[in-house]
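Participant: Okay, handing you the structure first.
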Amino acid sequence: MFNRLTNYWYNRETEPEPTPEERAAEVRQRRLQQFQQGSAPDTPVEDAESLETETSPDEETSCTYKETTAADEAASTETDTEIAASSTRTDSVMIEKENPDVRGETPTSSLENQSKPRVVGSAVVTTIDPASLEEDNPWGEWEEPVPSVQSTTTKVDEGRTISLTISRVFCVAVNTEEQPSCQPRLLTMLLDTASSTDTLSIDILDEVLFERLSMSAADLRECQIEIGGSVNCPIEPLIVPYLAGCIRRCDFELKDNKSQQHVVVDTLKKCRSAAVRMIGIVLLSNDSWSPQDPAQQIVESLISGSESSLYDSDTSFIFTSQILSEIMKQDSVSAEDLTTMLRPVVACLTRKTTMCSLISTPLTVSILNALNLLVANKNVAKIVPDLPGWLPANPDNGAAYHNTFLGRFLGCSTIRRDMMMSDLNRYVSPYFNRSTVINQDISQHSSSQYQQMLDTIQTLTSKFFYHLIKSEAKDRTLQWIVSCLDANRNKAKLVASFITSSGASDGFMLNLAGVLLKLSIPFLGPMNNKLCTIDVRFCGPQSRSLFPQTTEDKILDKIDGTEISKEDLISLGIPDSFNFISTCFYLTHRALQLAYVSPFDKYRRLMKSLMETQRLVQDMGSHPFNIDGQIRERFETQFVEQLEVKTHLLHPDMIGHVLLFYSSSANWLSHISTDCDSVTVSDMKSSLIPSCTPSRTLAMVPNYFVSAFCQFLINIRYFAESSLENFVSENLDHVITFLVLFCSPTWVPNPHTRAELVEALTVFIPNERSQSSVSTTNRETALCMNSMAREKLGSALIRLFVDIEHTAQFEHKFQYRFHIFELLQYIWPKHSFKVSELSLEVRGHEEDTTVLFTRFVKLLLNDANFLLDEALHNLEEIKKLQLEQEDLETWNALDQNVRQNKLKTLADLKRMCTSHNILSYETVNCLRYMTGRFDGMSEEAHKNVTYAFVTPLLVDTLVTMLNYYLKELVGDSQTKYKVRNLDEVKFYPGKLLQSIVHIYINLKEESSFVSAIPRDGRSYHPALFKDTAAKIRKLYVPEDVIADLLKVSNLAERAVTSQEDEELLTDRAPSNYLDPILGTLMTEPVLLPSSNVVVDRSVIAKHLLSDPIDPFNRQPLQMADVVPQTELKDEINTWKEIQLNKIQEERD
């Protein structure tokens, strides 16, 4: 049908008229003159006769209607009552509405006109007056019998009803005598059609519409008829609004009038169908209607209601979308025609995307709704990637994706694209004004509104992507996403947050991640078995996925020390393609990695700057809004900037989706890592049974799967903790299981990644330094109830503490261990029995430096010693500089540059001192609670742990450290550390002193520990513990604690005598009995094989604990290599016994 009508239209324009031009011009001119004079245009017989002999230009088009008419006539003969009634209901519907007094009566004017010939379709029907039956037939050669009066009258009335209905619907006329009864309006006189007939019919409806649509605005003004009174609105000159109005009139009459005769109803339905069909035809030949652009008019009607709309609700989105849906569902429209028809509409909509922004959300939503309507048809969706603006000119430039029509939707954000942290100039936000800064309720309400807009745009954009992916455009759509992510790969680096032009904006990447999250919803949920279809080989070697092959680190690179080769992974198979769930899963992971690094970094720095400004204001003793000038302007600017970032970055709905995605991913990773070499998970609901070694398939999973997840959890803890606390407990359990399982060095060899996992686990425990009022009950319960955490977390923390000693940078080492301390302190009262199992290995291997728990204690003591020493040294230097400042005369006499350098040094010292004080306290506190005994901890378990701290290798180091810092905190030197504002540098001497005291008390039952106390000749003196007791009594320490400390003092004094005997023996011993390293009397001499030197076993064991080489020739050395000197040992013991007897005799 569309092809035939379109061909007719083109032929109508290109082929010459069959009537000579002179005759056509003469007829048209005559009709126009009669119309302007107000007289009824006559219908010359010769014109009517010519119609009879001419063939319809689209005779095939009217066949369906003729068959329907014949059927209707056959039906009408069966019901004479209905036939008779039909002659009295001519246009009764509209007449009854406008004139209640006239109900069903036939107007006399209509009866008077029944003797005139009418053209109905391609046949001429004449209503004959009985008085003129004997006159000659005006139609000459017409041979058919003359119908009866009743039959002829019925057909004429039926034709007249059809004509008036068409006139009402399409606001057209072919004569001035008969006009439809309706509301006041303007009709268009169709002169070309009137030259052939004075009655409208379904047969010529398409030609009527073509003539009406072909008329220019000037023609419409020239040929307008005013009926029913004064009319304010002009005739609609635009094609699509006109046809849409016709369809609305059909719908109104069909719905509003219940008692219409079947002829009217049938006519209205056919009129409506013709109007809908005509919209398709004009779109099919869009360029032929210049200067009008029907596609543009469709777009304007689709976005009606937005600020850019040219039309009112008469051509609203819902109505226009219904019309387009009808066109797309018609069987007569081929896929090729549909594509041709709607391509200009889609192209016009994509051009409109240049106006999309969050500020113009109504327009953006309208455009997205319109596009989704169109691309829901797969034939339309497949043409989208071929439109201009699909890909940027330079696909490798991440920022260029903003200028694609897909990117314009993703670019809608409250985060400024060009925001620089160093820019403190006055900034006028398009989203928030000063009232939002002053009033928190207003700012929260505004932020919520923008978050709703963002969610709406993301939802509609994801729907658009979904329609494209469901069509033949799938591969090109996914390739667009992959190319965009690859072009913005530097967004994963923190340095990218300082280079705003290097990639897409933060808001763009957040929206892209949000769209992919919404596409992932069908397979999300930790127990969703759709996750079983994810193929782990997506990022494997020689993968045929859309992902570019990269050299990014994978989670696993070796198993049991053996590196996993590429050939090993290829042996698992290389699939030809991957399903959509696998693709979407990996793309979402990549998008989340790129989306959150930069905005979280910006938000953290914004919050830091804002707090610094607030502190500055507080120091001035005022409120930010009571200060004028630059400080207030700076505060408002910073507040608005952080509010803009916060609105998009911390959108609660999106955070919830990210947490759900990561919890699903966590359970999938846990299962795929324990399912031996399986490329997919068999059942997500099955119990997790960790094997001794992980599956080698982990070697194909990118490391950012883990690191990006951990960083997200850490950031959410600081900036959106309530979202984490309100997350489903069951899902949290899967997250904890994953984090603990992957803390094992067997699963994740990289200690830096494991340190991130440990830091992520700290989000499940209370943070004493946090000022957040959000409860941690839900998270704590999940951690305490998790079976994997009970079994494996303690040992994993101890292992990581040791592993990072030589693999992490010096400053990172203490940061990593700080988080280990946090977790150890929390789980120790609950899971200490598991850690005590590690300490069991120490017994019988006291001198073995490879024992894990021995190495842990040694490193713990080293850290405590170093950090305390650095902290006290920094405090001493700060004290000196503060004393210099107090001497104003000397201070002011200094050169300005010197003063500035000293102030800078003071600031640096305070910063380092603060860090060292925090870390030193956490380290000492770890010694306190690990040597203590908690409720539920058995005596045996406690003994096992404390013994590991007082082995011959470690006891002297421990005692020396404790004695020294106890003396520094309670002795005369304590005044050196009394700086101004101790809280500023986080130095709390009373708190630190109490921790050290508790360590003494916890180990007082260990004889080796007590005997080692007086051996420390540098710091120990008999009054040390008594001075300490007096000091802590002032801190309101319980008396039982003080009593226990005095017991330690008494035990140490008893050990003094034994210590004096040891010193006398050392002084009298031959040189070959003394250790060459420390000069002490050897108790168990051993030979070092490479240097051939005899040393004491305990001394060399301590040395090898930190440095596994021979101290005399720097050759590698292990404790297993030393050779015991049994004869020399016996000789020394015999000598000692003799000397001790002599010493005793001398005392007596």
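Letters A, B, ... mark the chains of the structure tokens in the order given; residue numbers begin at 1 per chain; ligand numbers begin at 1, in order shown.
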To test your reading of the structure, identify every residue in segment 493-662 of chain A that backbone DSSP assigns to strand (DSSP E or B), and report it as an MDAnalysis selection string.

Facilitator: chainID A and resid 554 558:559 562:563

Participant: What is the atom CA of Phe523 of chain A-atom CA of Asn511 of chain A distance in Å, reported with one decimal?

Facilitator: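 Calculated distance between atom CA of Phe523 of chain A and atom CA of Asn511 of chain A is 19.8 Å.
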
Participant: Pick from A:Ala381, A:Leu969, A:Cys412, A:Leu840: nearest to Glu940 of chain A, with only C-alpha atoms counted?

Facilitator: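 Of the candidates, the smallest distance to Glu940 of chain A is held by A:Leu840.
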
Participant: Give one line per residue of segment 335-451 of chain A that approaches segment 630-651 of chain A to at most 6 Å, naming the two atoms of the closest pair and their distance in Å to one decimal, counting only C-alpha atoms; sort by chain then ascending residue number and deliver it as CSV.

Facilitator:
residue,atom,partner,partner_atom,distance
A:Thr414,CA,A:Glu644,CA,5.2
A:Ile415,CA,A:Val645,CA,5.1
A:Ser447,CA,A:Thr647,CA,5.5

Participant: So that I can see what lies close to Glu563 of chain A, please list as a PDB file with N, CA and C atoms, in the first residue's frame the residues with an atom at most 10 Å from it, counting only C-alpha atoms and leaving out residues fewer than 6 positions away in the same chain.

Facilitator:
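And here's selection_9.pdb as it stands now:
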ATOM      1  N   LEU A 556      46.076 -13.914  40.211  1.00  0.00           N
ATOM      2  CA  LEU A 556      46.991 -15.017  40.529  1.00  0.00           C
ATOM      3  C   LEU A 556      47.999 -15.159  39.405  1.00  0.00           C
ATOM      4  N   ASP A 557      49.263 -15.355  39.772  1.00  0.00           N
ATOM      5  CA  ASP A 557      50.272 -15.582  38.740  1.00  0.00           C
ATOM      6  C   ASP A 557      51.058 -16.872  38.960  1.00  0.00           C
ATOM      7  N   ALA A 699      44.064 -16.823  37.272  1.00  0.00           N
ATOM      8  CA  ALA A 699      45.123 -16.165  36.509  1.00  0.00           C
ATOM      9  C   ALA A 699      44.564 -15.411  35.307  1.00  0.00           C
TER      10      ALA A 699
END

Participant: Looking at A:Glu805, A:Gly936, A:Leu531, A:Ser770, which one is nearest to Leu669 of chain A, with distances taken over only C-alpha atoms?

Facilitator: A:Leu531
